[in-house]
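Okay, structure first, notes after.
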Amino acid sequence: MLRILRTIAFPISLIYALVVLFRNAMYDKGWFRSNQFTTPTICIGNLSVGGTGKTPMIEYLIKLLTGHQVAVLSRGYKRKSKGFLLANEDSKMQELGDEPFQIFKKFPNISVAVDANRTHGIQKLEELVKPKVVLLDDAFQHRKVKPTFSIVLTAYGKLYCDDWYLPTGDLRDSKKEARRAELIIVTKCPEDLSIEQKKMITDQLNPKAHQKVLFCHFAYAPYFTRPNGEHLNWEQISGKKTAVVTGIAFPAPFIDHLKSKNLQFEHLDFGDHHFFTEKEIENLKNFEYVLTTEKDYVRLQGKLSNLYYLEVEHEFSENDRSILQEEILSIV
């Protein structure tokens with residue numbers, strides 16, 4: 001049904017494409033202004049809607065930049081607040097949005113801020129915390145800022161070069177705009193992706209001379225956990241009435257990983273950034289265990305006593321990890 005609706009919406013996607021192309025042309029010709037900052041800025045984004053692993057990539061870069069004064073600036077999607085907000089120990093998830101809240105709780109020694117106006121957000125960060133580097137979360141389309149360095153993510157099996165504009169496809173920007181990035185990272189790859197397969201994908205992406213293409217896969221933790229460090233092993237879940245809850249754009253890799261462990265569960269799939277109702281929470285209390293992603297956990301935390309999440313991070317080959325590290329550390 002969804003595929004039929006997307007096909008019917010093709011004329012709308014043409015209008016959307018024209019708007020996107022016109023807007024980008026205005027910036028390319030300098031008729032719309034892009035702002036640059038003295039503080040190095042690293043943009044992490046994609047050309048499609050969700051599901052490429054931006055938050056784990058932000059976390060990867062935070063770890064890579066250990067020892068530097070890092071700030072993360074996000075729009076704070078679906079937050080219940082307005083304007084600029086700098087996270088502090090009293091900040092609520094509803095004020096920051098799920099992803100910025102997750103990052104702040106995981107890395108309390110960095111600065112995390114939200115502002116839909118990235119230009120204003122960077123100015124406020126420079127004024128208040130004077131970071132050595134700002135990581136711009138999901139800001140590739142926000143052309144009012146010209147970042148020092150840009151990383152475009154694209155998911156294995158859903159490459160932007162094979163996609164089309166919304167609402168028929170998932171592209172929210174022209175695939176030609178990938179040329180503005182210094183790095184193109186293919187995420188969610190199989191662990192055993194061969195050199196030949198990497199070359200074939202690289203040829204499909206057709207990078208410019210100044211660009212590098214890197215590959216990574218998801219590495220899941222060996223057990224479920226809570227922020228207090230409590231662990232839940234796979235053996236403890238076996239044979240129990242278990243729900244797996246997801247409210248992310250593309251949960252398939254997470255679900256496939258759980259199935260590979262022969263885990264028996266009921267999958268409750270919600271929309272991306274879903275805020276859970278009291279009725280949905282009550283339903284989840286009927287299960288012995290509720291398992292979820294780290295991003296979903298922050299929206300359910302404190303509402304269920306049987307809730308655990310599975311940590312995930314990007315993992316690169318030694319060569320690609322060295323390239324990424326060299327590129328990033330050269331900026332700060």
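Residues are referred to by chain and number: the chain letter is A, B, ... according to the order shown in the structure tokens, the number counts from 1 in that chain, and ligands are numbered separately from 1 in the order shown.
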
Sel. of strand (DSSP E or B) residues, segment 13-90 of chain A, as a CSV table (one decimal) with N, CA, C and O atoms, in the first residue's frame:
chain,number,residue,atom,x,y,z
A,35,ASN,N,27.3,31.1,6.4
A,35,ASN,CA,28.2,31.7,7.5
A,35,ASN,C,29.3,30.7,7.8
A,35,ASN,O,29.1,29.5,8.0
A,41,THR,N,34.2,23.5,12.6
A,41,THR,CA,32.9,22.8,12.7
A,41,THR,C,32.9,21.5,11.8
A,41,THR,O,33.4,21.6,10.7
A,42,ILE,N,32.4,20.5,12.3
A,42,ILE,CA,32.3,19.2,11.6
A,42,ILE,C,30.9,18.8,11.5
A,42,ILE,O,30.2,18.6,12.5
A,43,CYS,N,30.4,18.7,10.2
A,43,CYS,CA,29.0,18.4,10.0
A,43,CYS,C,28.8,16.9,9.7
A,43,CYS,O,29.6,16.4,8.9
A,44,ILE,N,27.9,16.3,10.4
A,44,ILE,CA,27.6,14.9,10.2
A,44,ILE,C,26.1,14.8,9.7
A,44,ILE,O,25.2,15.2,10.4
A,45,GLY,N,25.9,14.4,8.5
A,45,GLY,CA,24.6,14.4,8.0
A,45,GLY,C,24.3,13.3,6.9
A,45,GLY,O,25.2,12.4,6.7
A,46,ASN,N,23.2,13.4,6.2
A,46,ASN,CA,22.9,12.5,5.1
A,46,ASN,C,22.0,13.2,4.2
A,46,ASN,O,21.6,14.3,4.4
A,48,SER,N,19.3,11.5,2.9
A,48,SER,CA,17.9,10.9,3.0
A,48,SER,C,17.4,11.1,4.4
A,48,SER,O,18.0,11.7,5.2
A,70,VAL,N,34.9,19.6,23.2
A,70,VAL,CA,33.9,19.3,22.2
A,70,VAL,C,32.6,19.8,22.5
A,70,VAL,O,32.1,19.7,23.7
A,71,ALA,N,31.9,20.4,21.5
A,71,ALA,CA,30.5,20.8,21.7
A,71,ALA,C,29.7,20.1,20.6
A,71,ALA,O,30.2,20.0,19.5
A,72,VAL,N,28.5,19.6,20.9
A,72,VAL,CA,27.6,19.0,19.9
A,72,VAL,C,26.4,20.0,19.8
A,72,VAL,O,25.8,20.3,20.8
A,73,LEU,N,26.0,20.3,18.6
A,73,LEU,CA,24.9,21.1,18.3
A,73,LEU,C,23.9,20.4,17.4
A,73,LEU,O,24.2,19.9,16.4
A,74,SER,N,22.7,20.3,17.9
A,74,SER,CA,21.6,19.5,17.2
A,74,SER,C,20.4,20.4,17.1
A,74,SER,O,20.2,21.4,17.9
A,85,LEU,N,19.2,26.1,23.6
A,85,LEU,CA,19.2,25.5,25.0
A,85,LEU,C,20.5,24.7,25.2
A,85,LEU,O,20.8,23.8,24.4
A,86,LEU,N,21.2,25.0,26.2
A,86,LEU,CA,22.4,24.3,26.6
A,86,LEU,C,22.1,23.3,27.7
A,86,LEU,O,21.6,23.7,28.7

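Comparing the minimum interatomic distances between Leu96 of chain A and each of A:His314, A:Arg299, A:Lys240, A:Arg179, counting only C-alpha atoms, we find that A:Arg299 sits nearest.
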
TODO: Give me the residues within 9 Å of Leu21 of chain A as an MDAnalysis selection string, counting only C-alpha atoms and dropping any in the same chain fewer than 4 places off.
DONE: chainID A and resid 16:17 25:26 173:174

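Checking A:Val134, A:Leu329, A:Ile281, A:Ala243 one by one against His267 of chain A, counting only C-alpha atoms, you find the shortest gap at A:Ala243.
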
- [ ] Identify, with DSSP run on backbone atoms, the residues in segment 144-321 of chain A assigned to alpha helix (DSSP H), and express the list as number ranges by chain.
- [x] A: 195-205, 234-237, 252-260, 278-284, 294-300, 318-321

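Among the candidates A:Asn88, A:Thr55, A:Asn233, A:Ser111, the one nearest to Leu153 of chain A when counting only C-alpha atoms is A:Thr55.
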
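If you look at atom CA of Ile331 of chain A and atom CA of Gln211 of chain A, they are 15.7 Å away from each other.
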
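Nearest residue to Phe254 of chain A, choosing from A:Lys82, A:Lys188, A:Lys106, A:Lys29 and counting only C-alpha atoms: A:Lys188.
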
What lies within 8 Å of Met57 of chain A using only C-alpha atoms, ignoring chain neighbours under 3 positions off, as a tab-separated table (two decimals) with C-alpha atoms, in the first residue's frame?
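Generated file (around31.tsv):
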chain	number	residue	atom	x	y	z
A	44	ILE	CA	27.60	14.88	10.16
A	53	GLY	CA	23.47	5.95	12.08
A	54	LYS	CA	24.18	9.64	12.68
A	60	TYR	CA	32.36	7.81	17.60
A	61	LEU	CA	33.78	11.27	16.84
A	313	GLU	CA	28.69	1.54	17.77
A	314	HIS	CA	30.26	1.89	14.35

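Closest approach to Ala139 of chain A from the set A:Val19, A:Val114, A:Leu125, A:Met93 is made by A:Val114, with distances taken over only C-alpha atoms.
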
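What separates atom CA of Val133 of chain A from atom CA of Ile323 of chain A is a distance of 18.9 Å.
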
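The protein and nucleic acid residues lying at most 9 Å from Leu183 of chain A are Phe149, Ser150, Ile151, Val152, Leu153, His210, Gln211, Lys212, Val213, Leu214, Leu324 and Glu327 of chain A, with only C-alpha atoms considered and sequence neighbours fewer than 5 positions away removed.
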
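Here atom CA of Glu89 of chain A stands at a distance of 16.4 Å from atom CA of Gly302 of chain A.
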
Task: Nearby residues (only C-alpha atoms) at most 9 Å from Leu304 of chain A, same-chain spacing under 5 positions excluded, as a PyMOL selection string - done: chain A and resi 281-282+284-285+290

Kindly save the residues from that selection, with C-alpha atoms included, as a compact mmCIF listing (two decimals), in the first residue's frame.
# COMPACT_ATOMS: atom_id res chain seq x y z
CA ILE A 281 3.42 1.93 28.62
CA GLU A 282 0.76 -0.10 30.45
CA LEU A 284 4.61 -3.03 27.98
CA LYS A 285 4.27 -3.79 31.69
CA VAL A 290 11.26 -4.98 27.42

Give me the residues within 7 Å of Gly271 of chain A as an mmCIF file with N, CA, C and O atoms, in the first residue's frame, counting only C-alpha atoms and dropping any in the same chain fewer than 4 places off.
data_model
loop_
_atom_site.group_PDB
_atom_site.id
_atom_site.type_symbol
_atom_site.label_atom_id
_atom_site.label_comp_id
_atom_site.auth_asym_id
_atom_site.auth_seq_id
_atom_site.Cartn_x
_atom_site.Cartn_y
_atom_site.Cartn_z
ATOM 1 N N GLY A 247 11.524 2.631 17.998
ATOM 2 C CA GLY A 247 10.946 3.867 17.483
ATOM 3 C C GLY A 247 12.019 4.608 16.712
ATOM 4 O O GLY A 247 12.306 5.778 16.975
ATOM 5 N N ILE A 248 12.641 3.902 15.773
ATOM 6 C CA ILE A 248 13.721 4.450 14.955
ATOM 7 C C ILE A 248 13.348 4.285 13.486
ATOM 8 O O ILE A 248 12.447 3.519 13.144
ATOM 9 N N ALA A 249 14.067 4.989 12.612
ATOM 10 C CA ALA A 249 13.683 5.027 11.198
ATOM 11 C C ALA A 249 13.739 3.653 10.536
ATOM 12 O O ALA A 249 12.797 3.237 9.865
#

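Nearest residue to Ser34 of chain A among A:Ile184, A:Met1, A:Ile328, A:Val145 is A:Val145, counting only C-alpha atoms.
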